[in-house]
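Printed here is start37.cif (mmCIF, C-alpha atoms):
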```cif
data_final
loop_
_atom_site.label_atom_id
_atom_site.label_comp_id
_atom_site.auth_asym_id
_atom_site.auth_seq_id
_atom_site.Cartn_x
_atom_site.Cartn_y
_atom_site.Cartn_z
CA MET Y 1 34.61 -78.63 191.40
CA ILE Y 2 31.69 -79.53 189.12
CA ARG Y 3 31.49 -77.22 186.10
CA VAL Y 4 27.97 -76.50 184.82
CA LEU Y 5 26.64 -74.99 181.59
CA LEU Y 6 23.10 -73.56 181.63
CA ALA Y 7 21.20 -73.69 178.32
CA ASP Y 8 17.74 -72.11 178.34
CA ASP Y 9 16.13 -69.41 176.21
CA GLN Y 10 14.57 -67.75 179.26
CA THR Y 11 16.95 -65.36 181.00
CA LEU Y 12 15.07 -65.57 184.30
CA VAL Y 13 15.24 -69.37 184.32
CA ARG Y 14 19.00 -69.27 183.78
CA ALA Y 15 19.37 -66.64 186.49
CA GLY Y 16 17.36 -68.75 188.92
CA PHE Y 17 19.41 -71.86 188.26
CA ARG Y 18 22.66 -69.90 188.49
CA SER Y 19 21.61 -68.47 191.85
CA ILE Y 20 20.78 -71.92 193.22
CA LEU Y 21 23.92 -73.64 191.96
CA SER Y 22 26.35 -70.83 192.78
CA ASP Y 23 25.52 -71.13 196.47
CA GLU Y 24 27.14 -74.57 196.51
CA GLU Y 25 30.89 -74.72 197.11
CA ASP Y 26 31.40 -77.67 194.74
CA LEU Y 27 29.37 -76.25 191.82
CA ASP Y 28 30.51 -73.61 189.35
CA VAL Y 29 28.38 -72.20 186.52
CA VAL Y 30 30.99 -71.63 183.82
CA ALA Y 31 28.74 -70.46 180.97
CA GLU Y 32 25.19 -69.83 179.77
CA ALA Y 33 23.49 -70.27 176.41
CA PRO Y 34 20.15 -68.89 175.13
CA ASP Y 35 19.75 -71.48 172.35
CA GLY Y 36 20.94 -74.90 171.24
CA GLU Y 37 23.60 -73.74 168.83
CA GLU Y 38 25.20 -71.58 171.49
CA ALA Y 39 24.96 -74.46 173.95
CA VAL Y 40 27.00 -76.67 171.63
CA ALA Y 41 29.52 -73.87 171.08
CA GLN Y 42 29.85 -73.14 174.80
CA ALA Y 43 30.23 -76.84 175.59
CA GLY Y 44 33.13 -77.00 173.16
CA ARG Y 45 34.67 -73.87 174.63
CA HIS Y 46 34.33 -74.65 178.34
CA HIS Y 47 34.11 -78.47 178.54
CA PRO Y 48 31.62 -78.47 181.44
CA ASP Y 49 30.96 -81.58 183.48
CA VAL Y 50 27.20 -81.13 183.25
CA VAL Y 51 24.90 -79.27 180.86
CA LEU Y 52 21.40 -78.32 182.01
CA MET Y 53 19.64 -78.29 178.62
CA ASP Y 54 16.17 -76.91 177.95
CA ILE Y 55 14.37 -79.16 175.50
CA ARG Y 56 12.78 -76.37 173.44
CA MET Y 57 14.98 -73.48 172.34
CA PRO Y 58 15.34 -71.34 169.21
CA ARG Y 59 17.78 -72.07 166.37
CA LEU Y 60 18.48 -75.58 167.66
CA ASP Y 61 16.39 -77.57 170.13
CA GLY Y 62 17.76 -79.35 173.16
CA LEU Y 63 17.55 -82.82 171.65
CA GLU Y 64 19.67 -81.97 168.62
CA ALA Y 65 22.09 -79.97 170.75
CA THR Y 66 22.44 -82.99 173.02
CA ARG Y 67 23.09 -85.29 170.06
CA ARG Y 68 25.85 -83.00 168.81
CA ILE Y 69 27.53 -82.76 172.19
CA VAL Y 70 27.37 -86.51 172.78
CA ALA Y 71 28.68 -87.25 169.29
CA ASP Y 72 31.73 -85.02 169.70
CA PRO Y 73 34.66 -87.17 170.94
CA ARG Y 74 36.28 -84.06 172.39
CA LEU Y 75 33.31 -83.76 174.76
CA ALA Y 76 33.28 -87.37 175.94
CA GLY Y 77 33.15 -86.36 179.59
CA VAL Y 78 30.23 -83.93 179.23
CA ARG Y 79 26.91 -85.12 180.65
CA VAL Y 80 23.55 -83.61 179.71
CA ILE Y 81 20.44 -83.24 181.86
CA ILE Y 82 17.36 -82.36 179.80
CA LEU Y 83 14.96 -79.84 181.32
CA THR Y 84 11.33 -80.58 180.54
CA THR Y 85 7.78 -79.90 181.68
CA PHE Y 86 4.98 -82.40 182.17
CA ASP Y 87 3.32 -81.35 178.92
CA LEU Y 88 6.50 -82.38 177.08
CA ASP Y 89 6.80 -85.89 178.46
CA ASP Y 90 6.77 -87.35 174.95
CA TYR Y 91 10.31 -86.06 174.62
CA VAL Y 92 11.71 -87.93 177.60
CA TYR Y 93 12.59 -91.18 175.84
CA GLY Y 94 13.91 -89.26 172.85
CA ALA Y 95 16.16 -87.30 175.18
CA LEU Y 96 17.70 -90.47 176.57
CA ARG Y 97 18.14 -91.87 173.08
CA ALA Y 98 19.85 -88.63 172.10
CA GLY Y 99 22.42 -89.30 174.82
CA ALA Y 100 21.09 -87.37 177.81
CA SER Y 101 21.94 -88.79 181.22
CA GLY Y 102 18.48 -88.01 182.52
CA PHE Y 103 15.92 -85.27 182.84
CA LEU Y 104 14.46 -82.84 185.31
CA VAL Y 105 11.12 -81.11 185.50
CA LYS Y 106 11.77 -77.37 185.23
CA ASP Y 107 9.95 -76.52 188.46
CA THR Y 108 11.99 -79.01 190.48
CA GLU Y 109 12.97 -78.12 194.02
CA PRO Y 110 16.42 -76.50 194.48
CA ALA Y 111 17.71 -79.43 196.53
CA GLU Y 112 16.68 -81.85 193.77
CA LEU Y 113 18.43 -79.74 191.14
CA ILE Y 114 21.66 -79.69 193.13
CA HIS Y 115 21.45 -83.42 193.78
CA ALA Y 116 20.81 -84.13 190.09
CA VAL Y 117 23.88 -82.22 188.97
CA ARG Y 118 26.07 -84.10 191.45
CA VAL Y 119 24.61 -87.48 190.52
CA VAL Y 120 25.14 -87.00 186.79
CA ALA Y 121 28.60 -85.48 187.28
CA ARG Y 122 29.83 -88.67 188.94
CA GLY Y 123 28.64 -90.76 185.99
CA ASP Y 124 25.29 -92.00 187.24
CA ALA Y 125 21.96 -91.32 185.57
CA LEU Y 126 18.72 -89.78 186.73
CA ILE Y 127 16.66 -92.93 186.38
CA ALA Y 128 15.93 -93.85 189.99
CA PRO Y 129 12.76 -91.86 190.83
CA ALA Y 130 9.53 -93.78 190.28
CA ILE Y 131 8.15 -91.10 187.98
CA THR Y 132 11.19 -91.46 185.74
CA ARG Y 133 10.73 -95.21 185.52
CA ARG Y 134 7.05 -94.81 184.62
CA LEU Y 135 7.74 -92.25 181.93
CA ILE Y 136 10.57 -94.21 180.37
CA ALA Y 137 8.47 -97.37 180.42
CA GLU Y 138 5.45 -95.67 178.88
CA PHE Y 139 7.25 -93.98 176.03
CA ALA Y 140 9.72 -96.78 175.39
CA GLY Y 141 6.70 -98.92 174.62
CA ARG Y 142 5.68 -96.53 171.86
CA VAL Y 143 8.85 -96.61 169.82
CA LYS Y 144 9.73 -99.10 167.13
CA ARG Y 145 12.43 -101.33 168.50
CA PRO Y 146 15.47 -101.86 166.30
CA GLU Y 147 17.17 -105.26 166.21
CA PRO Y 148 19.46 -105.63 169.25
CA GLY Y 149 23.16 -105.39 168.46
CA PRO Y 150 25.50 -108.38 168.67
CA GLU Y 151 27.11 -106.89 171.79
CA LEU Y 152 24.17 -108.17 173.86
CA ASN Y 153 25.20 -111.75 173.07
CA ALA Y 154 28.42 -111.10 175.00
CA LEU Y 155 26.51 -110.57 178.25
CA THR Y 156 26.29 -113.39 180.75
CA GLU Y 157 22.93 -114.42 182.17
CA ARG Y 158 23.73 -112.60 185.41
CA GLU Y 159 24.73 -109.47 183.50
CA ARG Y 160 21.43 -109.53 181.61
CA GLU Y 161 19.62 -109.79 184.93
CA VAL Y 162 21.57 -106.86 186.34
CA MET Y 163 21.00 -104.79 183.20
CA ALA Y 164 17.25 -105.32 183.43
CA LEU Y 165 17.30 -104.06 187.02
CA VAL Y 166 19.34 -101.03 185.98
CA ALA Y 167 16.69 -100.35 183.34
CA ALA Y 168 14.02 -100.52 186.01
CA GLY Y 169 15.78 -97.70 187.84
CA LEU Y 170 17.40 -99.62 190.68
CA SER Y 171 20.61 -98.34 192.23
CA ASN Y 172 23.63 -100.60 192.73
CA ASP Y 173 22.68 -101.10 196.38
CA GLU Y 174 19.10 -102.02 195.41
CA ILE Y 175 20.36 -104.45 192.77
CA ALA Y 176 22.68 -106.02 195.33
CA ALA Y 177 19.84 -106.49 197.80
CA ARG Y 178 17.48 -107.99 195.21
CA LEU Y 179 20.07 -110.43 193.84
CA VAL Y 180 21.73 -111.11 197.21
CA LEU Y 181 25.08 -109.71 196.11
CA SER Y 182 27.51 -107.33 197.72
CA PRO Y 183 27.20 -103.70 196.52
CA ALA Y 184 30.76 -103.96 195.17
CA THR Y 185 29.82 -106.98 193.07
CA ALA Y 186 26.74 -105.26 191.72
CA LYS Y 187 28.85 -102.23 190.79
CA THR Y 188 31.37 -104.48 189.04
CA HIS Y 189 28.61 -106.13 187.01
CA VAL Y 190 27.26 -102.74 185.93
CA SER Y 191 30.73 -101.54 184.97
CA ARG Y 192 31.38 -104.66 182.89
CA ILE Y 193 28.03 -104.32 181.14
CA MET Y 194 28.77 -100.72 180.24
CA THR Y 195 32.19 -101.71 178.91
CA LYS Y 196 30.81 -104.56 176.80
CA LEU Y 197 28.04 -102.39 175.35
CA HIS Y 198 30.24 -99.30 174.98
CA ALA Y 199 27.63 -97.43 177.01
CA ARG Y 200 28.23 -93.83 177.95
CA ASP Y 201 26.35 -94.16 181.24
CA ARG Y 202 23.48 -95.97 182.93
CA ALA Y 203 20.91 -94.03 180.92
CA GLN Y 204 22.17 -95.71 177.77
CA LEU Y 205 21.71 -99.08 179.42
CA VAL Y 206 18.07 -98.18 180.06
CA VAL Y 207 17.50 -97.37 176.40
CA THR Y 208 19.30 -100.49 175.20
CA ALA Y 209 17.40 -102.76 177.58
CA TYR Y 210 14.01 -101.49 176.43
CA GLU Y 211 14.90 -101.58 172.76
CA ALA Y 212 16.22 -105.14 173.06
CA GLY Y 213 13.02 -106.28 174.78
CA MET Y 214 14.90 -107.21 177.96
CA ILE Y 215 12.32 -105.42 180.05
CA THR Y 216 8.70 -104.51 179.55
CA PRO Y 217 6.84 -101.63 181.21
CA GLY Y 218 5.77 -102.44 184.74
CA TRP Y 219 7.45 -105.85 184.95
CA LEU Y 220 9.30 -105.16 188.19
CA THR Y 221 7.30 -105.44 191.39
CA PRO Y 222 8.43 -103.72 194.61
#
```
Here is a file; write its structure as structure tokens.
Amino acid sequence: MIRVLLADDQTLVRAGFRSILSDEEDLDVVAEAPDGEEAVAQAGRHHPDVVLMDIRMPRLDGLEATRRIVADPRLAGVRVIILTTFDLDDYVYGALRAGASGFLVKDTEPAELIHAVRVVARGDALIAPAITRRLIAEFAGRVKRPEPGPELNALTEREREVMALVAAGLSNDEIAARLVLSPATAKTHVSRIMTKLHARDRAQLVVTAYEAGMITPGWLTP
């Protein structure tokens, strides 16, 4: 059973999400929060698998709430999906840097919402859709890149290649096909990269790859 926390200051939005998710046998909405501070408190109380976090809320916004949840070692297994709207796209990269595992547009289709929760719950990140890749690429190019950490030097050439493809939004199967590897080998490479970089999930690999200059917007061709 995947346990979900809904954090949004609009009661009707929370009710709509609860209605959609509660119809699924493997999803359970364990708590709701009308603001960021309550979201952090409820995460600590219920230890959900996934938090659906509105980016703009009173008292504490979704980005800071995400940072606090991610920074709490007691909540190491909690994954956050940021809810945004197209007029808030500037926040997307910041959300991933804050530790979110991905983001959803608030008017997403029910099936996409359900799929997103399942994907993030199993430890993957919402980075595959083309729109996500474009947004990450666009806004990653705007930020000042810090010096890459020494951990990157521990990566092999193949691991750097795999990490760049992860950053471009490719799945393990797509990476395997592009590099002529078995899916199991691609998965092993990704797992080793995450271990070496102490990455929480694939979303963190995306951020690290852009900040280290391993990938530039639009470099990958179909």
request  = Quick one: apply the PyMOL selection byres ((chain Y and resi 28) around 12) to the file and drop the selected residues here as a list in words.
outcome  = Met1, Ile2, Arg3, Val4, Leu5, Leu6, Phe17, Arg18, Ser19, Ile20, Leu21, Ser22, Asp23, Glu24, Glu25, Asp26, Leu27, Val29, Val30, Ala31, Glu32, His46, Pro48, Asp49, Val50, Val51, Ile114, Val117 and Arg118 of chain Y
task = Kindly indicate which residue among Y:Met214, Y:Ala184, Y:Val190, Y:Ala203 lies nearest to Ala164 (chain Y), using only C-alpha atoms for the distances.
result =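 For Ala164 (chain Y), the nearest of the candidates is Y:Met214.
Against the coordinates shown, the PyMOL selection byres ((chain Y and resi 106-113) around 8) returns Ile20, Leu83, Thr84, Thr85, Leu104, Val105, Ile114, His115, Ala116 and Val117 of chain Y.
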For Ile193 (chain Y): contacts at 12 Å, all atoms listed in the file, fewer than 4 positions along chain excluded, given as a short mmCIF file (atom, residue, chain, number, x, y, z; two decimals) with C-alpha atoms, in the frame of the given file:
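Saved file result24.cif follows:
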```cif
data_model
loop_
_atom_site.label_atom_id
_atom_site.label_comp_id
_atom_site.auth_asym_id
_atom_site.auth_seq_id
_atom_site.Cartn_x
_atom_site.Cartn_y
_atom_site.Cartn_z
CA GLU Y 151 27.11 -106.89 171.79
CA LEU Y 152 24.17 -108.17 173.86
CA ASN Y 153 25.20 -111.75 173.07
CA ALA Y 154 28.42 -111.10 175.00
CA LEU Y 155 26.51 -110.57 178.25
CA THR Y 156 26.29 -113.39 180.75
CA GLU Y 157 22.93 -114.42 182.17
CA ARG Y 158 23.73 -112.60 185.41
CA GLU Y 159 24.73 -109.47 183.50
CA ARG Y 160 21.43 -109.53 181.61
CA GLU Y 161 19.62 -109.79 184.93
CA VAL Y 162 21.57 -106.86 186.34
CA MET Y 163 21.00 -104.79 183.20
CA ALA Y 164 17.25 -105.32 183.43
CA VAL Y 166 19.34 -101.03 185.98
CA ALA Y 186 26.74 -105.26 191.72
CA LYS Y 187 28.85 -102.23 190.79
CA THR Y 188 31.37 -104.48 189.04
CA HIS Y 189 28.61 -106.13 187.01
CA LEU Y 197 28.04 -102.39 175.35
CA HIS Y 198 30.24 -99.30 174.98
CA ALA Y 199 27.63 -97.43 177.01
CA ARG Y 200 28.23 -93.83 177.95
CA ASP Y 201 26.35 -94.16 181.24
CA ARG Y 202 23.48 -95.97 182.93
CA GLN Y 204 22.17 -95.71 177.77
CA LEU Y 205 21.71 -99.08 179.42
CA VAL Y 206 18.07 -98.18 180.06
CA THR Y 208 19.30 -100.49 175.20
CA ALA Y 209 17.40 -102.76 177.58
#
```
8 Å contact set for Ala100 (chain Y), only C-alpha atoms, chain neighbours under 4 positions out, as a CSV table (one decimal) with C-alpha atoms, keeping the file's coordinate frame:
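Dumped to part-v2.csv:
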```
chain,number,residue,atom,x,y,z
Y,66,THR,CA,22.4,-83.0,173.0
Y,79,ARG,CA,26.9,-85.1,180.6
Y,80,VAL,CA,23.6,-83.6,179.7
Y,81,ILE,CA,20.4,-83.2,181.9
Y,82,ILE,CA,17.4,-82.4,179.8
Y,95,ALA,CA,16.2,-87.3,175.2
Y,96,LEU,CA,17.7,-90.5,176.6
Y,203,ALA,CA,20.9,-94.0,180.9
```
task = Find the residues near region 34-44 of chain Y: any atom within 7 Å, counting all atoms listed in the file, skip ones fewer than 4 places away on the same chain, and give them as a PyMOL selection string.
result = chain Y and resi 7-9+48+57-62+65+69+75
query = Quick one: distance from CA of Asn172 (chain Y) to CA of Gly213 (chain Y) in Å, one decimal?
reply =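 Atom-to-atom, CA of Asn172 (chain Y) and CA of Gly213 (chain Y) are spaced 21.6 Å apart.
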query = At what distance in Å, to one decimal, does CA of Arg56 (chain Y) lie from CA of Arg97 (chain Y)?
reply =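 Interatomic distance here is 16.4 Å.
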query = Do you have the CA of Tyr210 (chain Y)-CA of Phe103 (chain Y) distance handy?
reply =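 One can read the CA of Tyr210 (chain Y) to CA of Phe103 (chain Y) distance as 17.5 Å.
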message = Using all atoms listed in the file, can you tell me which of Y:Met53, Y:Ala76, Y:Val180, Y:Gly94 comes closest to Val207 (chain Y)?
response =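 That would be Y:Gly94, the residue with the smallest distance to Val207 (chain Y).
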Have region 190-201 of chain Y completed to all heavy atoms, please, and pass it along as an mmCIF file, in the coordinates of the input.
```cif
data_model
loop_
_atom_site.group_PDB
_atom_site.id
_atom_site.type_symbol
_atom_site.label_atom_id
_atom_site.label_comp_id
_atom_site.auth_asym_id
_atom_site.auth_seq_id
_atom_site.Cartn_x
_atom_site.Cartn_y
_atom_site.Cartn_z
ATOM 1 N N VAL Y 190 27.719 -103.886 186.710
ATOM 2 C CA VAL Y 190 27.260 -102.740 185.930
ATOM 3 C C VAL Y 190 28.407 -102.174 185.092
ATOM 4 O O VAL Y 190 28.234 -101.854 183.906
ATOM 5 C CB VAL Y 190 26.671 -101.645 186.842
ATOM 6 C CG1 VAL Y 190 26.351 -100.387 186.026
ATOM 7 C CG2 VAL Y 190 25.414 -102.151 187.545
ATOM 8 N N SER Y 191 29.575 -102.066 185.685
ATOM 9 C CA SER Y 191 30.730 -101.540 184.970
ATOM 10 C C SER Y 191 31.098 -102.421 183.779
ATOM 11 O O SER Y 191 31.406 -101.927 182.679
ATOM 12 C CB SER Y 191 31.930 -101.407 185.906
ATOM 13 O OG SER Y 191 31.673 -100.475 186.934
ATOM 14 N N ARG Y 192 31.055 -103.731 183.980
ATOM 15 C CA ARG Y 192 31.380 -104.660 182.890
ATOM 16 C C ARG Y 192 30.354 -104.586 181.769
ATOM 17 O O ARG Y 192 30.699 -104.660 180.588
ATOM 18 C CB ARG Y 192 31.469 -106.081 183.438
ATOM 19 C CG ARG Y 192 32.724 -106.345 184.274
ATOM 20 C CD ARG Y 192 32.722 -107.740 184.855
ATOM 21 N NE ARG Y 192 33.943 -108.000 185.601
ATOM 22 C CZ ARG Y 192 34.138 -109.060 186.376
ATOM 23 N NH1 ARG Y 192 33.172 -109.957 186.512
ATOM 24 N NH2 ARG Y 192 35.279 -109.228 187.017
ATOM 25 N N ILE Y 193 29.090 -104.445 182.148
ATOM 26 C CA ILE Y 193 28.030 -104.320 181.140
ATOM 27 C C ILE Y 193 28.250 -103.072 180.296
ATOM 28 O O ILE Y 193 28.163 -103.100 179.064
ATOM 29 C CB ILE Y 193 26.648 -104.283 181.815
ATOM 30 C CG1 ILE Y 193 26.345 -105.615 182.493
ATOM 31 C CG2 ILE Y 193 25.559 -103.969 180.776
ATOM 32 C CD1 ILE Y 193 25.171 -105.555 183.434
ATOM 33 N N MET Y 194 28.547 -101.966 180.957
ATOM 34 C CA MET Y 194 28.770 -100.720 180.240
ATOM 35 C C MET Y 194 29.966 -100.823 179.305
ATOM 36 O O MET Y 194 29.940 -100.319 178.174
ATOM 37 C CB MET Y 194 28.959 -99.567 181.235
ATOM 38 C CG MET Y 194 27.697 -99.202 181.993
ATOM 39 S SD MET Y 194 27.942 -97.898 183.231
ATOM 40 C CE MET Y 194 28.429 -96.533 182.184
ATOM 41 N N THR Y 195 31.006 -101.520 179.756
ATOM 42 C CA THR Y 195 32.190 -101.710 178.910
ATOM 43 C C THR Y 195 31.853 -102.560 177.692
ATOM 44 O O THR Y 195 32.216 -102.222 176.559
ATOM 45 C CB THR Y 195 33.317 -102.372 179.711
ATOM 46 O OG1 THR Y 195 33.693 -101.511 180.788
ATOM 47 C CG2 THR Y 195 34.531 -102.623 178.828
ATOM 48 N N LYS Y 196 31.152 -103.664 177.908
ATOM 49 C CA LYS Y 196 30.810 -104.560 176.800
ATOM 50 C C LYS Y 196 29.907 -103.885 175.775
ATOM 51 O O LYS Y 196 30.016 -104.147 174.571
ATOM 52 C CB LYS Y 196 30.129 -105.819 177.340
ATOM 53 C CG LYS Y 196 31.055 -106.777 178.074
ATOM 54 C CD LYS Y 196 30.312 -108.025 178.518
ATOM 55 C CE LYS Y 196 31.255 -109.016 179.202
ATOM 56 N NZ LYS Y 196 30.557 -110.253 179.627
ATOM 57 N N LEU Y 197 29.001 -103.033 176.249
ATOM 58 C CA LEU Y 197 28.040 -102.390 175.350
ATOM 59 C C LEU Y 197 28.500 -101.017 174.883
ATOM 60 O O LEU Y 197 27.779 -100.337 174.157
ATOM 61 C CB LEU Y 197 26.682 -102.270 176.036
ATOM 62 C CG LEU Y 197 26.025 -103.584 176.458
ATOM 63 C CD1 LEU Y 197 24.664 -103.320 177.062
ATOM 64 C CD2 LEU Y 197 25.906 -104.540 175.281
ATOM 65 N N HIS Y 198 29.710 -100.619 175.324
ATOM 66 C CA HIS Y 198 30.240 -99.300 174.980
ATOM 67 C C HIS Y 198 29.253 -98.199 175.373
ATOM 68 O O HIS Y 198 29.028 -97.248 174.634
ATOM 69 C CB HIS Y 198 30.551 -99.206 173.474
ATOM 70 C CG HIS Y 198 31.390 -100.338 172.967
ATOM 71 N ND1 HIS Y 198 32.723 -100.492 173.303
ATOM 72 C CD2 HIS Y 198 31.070 -101.401 172.169
ATOM 73 C CE1 HIS Y 198 33.199 -101.587 172.717
ATOM 74 N NE2 HIS Y 198 32.220 -102.153 172.044
ATOM 75 N N ALA Y 199 28.648 -98.364 176.537
ATOM 76 C CA ALA Y 199 27.630 -97.430 177.010
ATOM 77 C C ALA Y 199 28.267 -96.223 177.676
ATOM 78 O O ALA Y 199 29.214 -96.357 178.462
ATOM 79 C CB ALA Y 199 26.686 -98.120 177.994
ATOM 80 N N ARG Y 200 27.730 -95.077 177.396
ATOM 81 C CA ARG Y 200 28.230 -93.830 177.950
ATOM 82 C C ARG Y 200 27.938 -93.737 179.443
ATOM 83 O O ARG Y 200 28.750 -93.278 180.224
ATOM 84 C CB ARG Y 200 27.576 -92.670 177.193
ATOM 85 C CG ARG Y 200 27.992 -91.268 177.597
ATOM 86 C CD ARG Y 200 27.208 -90.279 176.744
ATOM 87 N NE ARG Y 200 27.449 -88.896 177.142
ATOM 88 C CZ ARG Y 200 28.437 -88.162 176.670
ATOM 89 N NH1 ARG Y 200 29.286 -88.674 175.802
ATOM 90 N NH2 ARG Y 200 28.576 -86.904 177.060
ATOM 91 N N ASP Y 201 26.740 -94.172 179.836
ATOM 92 C CA ASP Y 201 26.350 -94.160 181.240
ATOM 93 C C ASP Y 201 25.144 -95.072 181.422
ATOM 94 O O ASP Y 201 24.714 -95.758 180.497
ATOM 95 C CB ASP Y 201 26.063 -92.734 181.742
ATOM 96 C CG ASP Y 201 24.987 -92.040 180.914
ATOM 97 O OD1 ASP Y 201 24.174 -92.736 180.282
ATOM 98 O OD2 ASP Y 201 24.966 -90.789 180.892
#
```
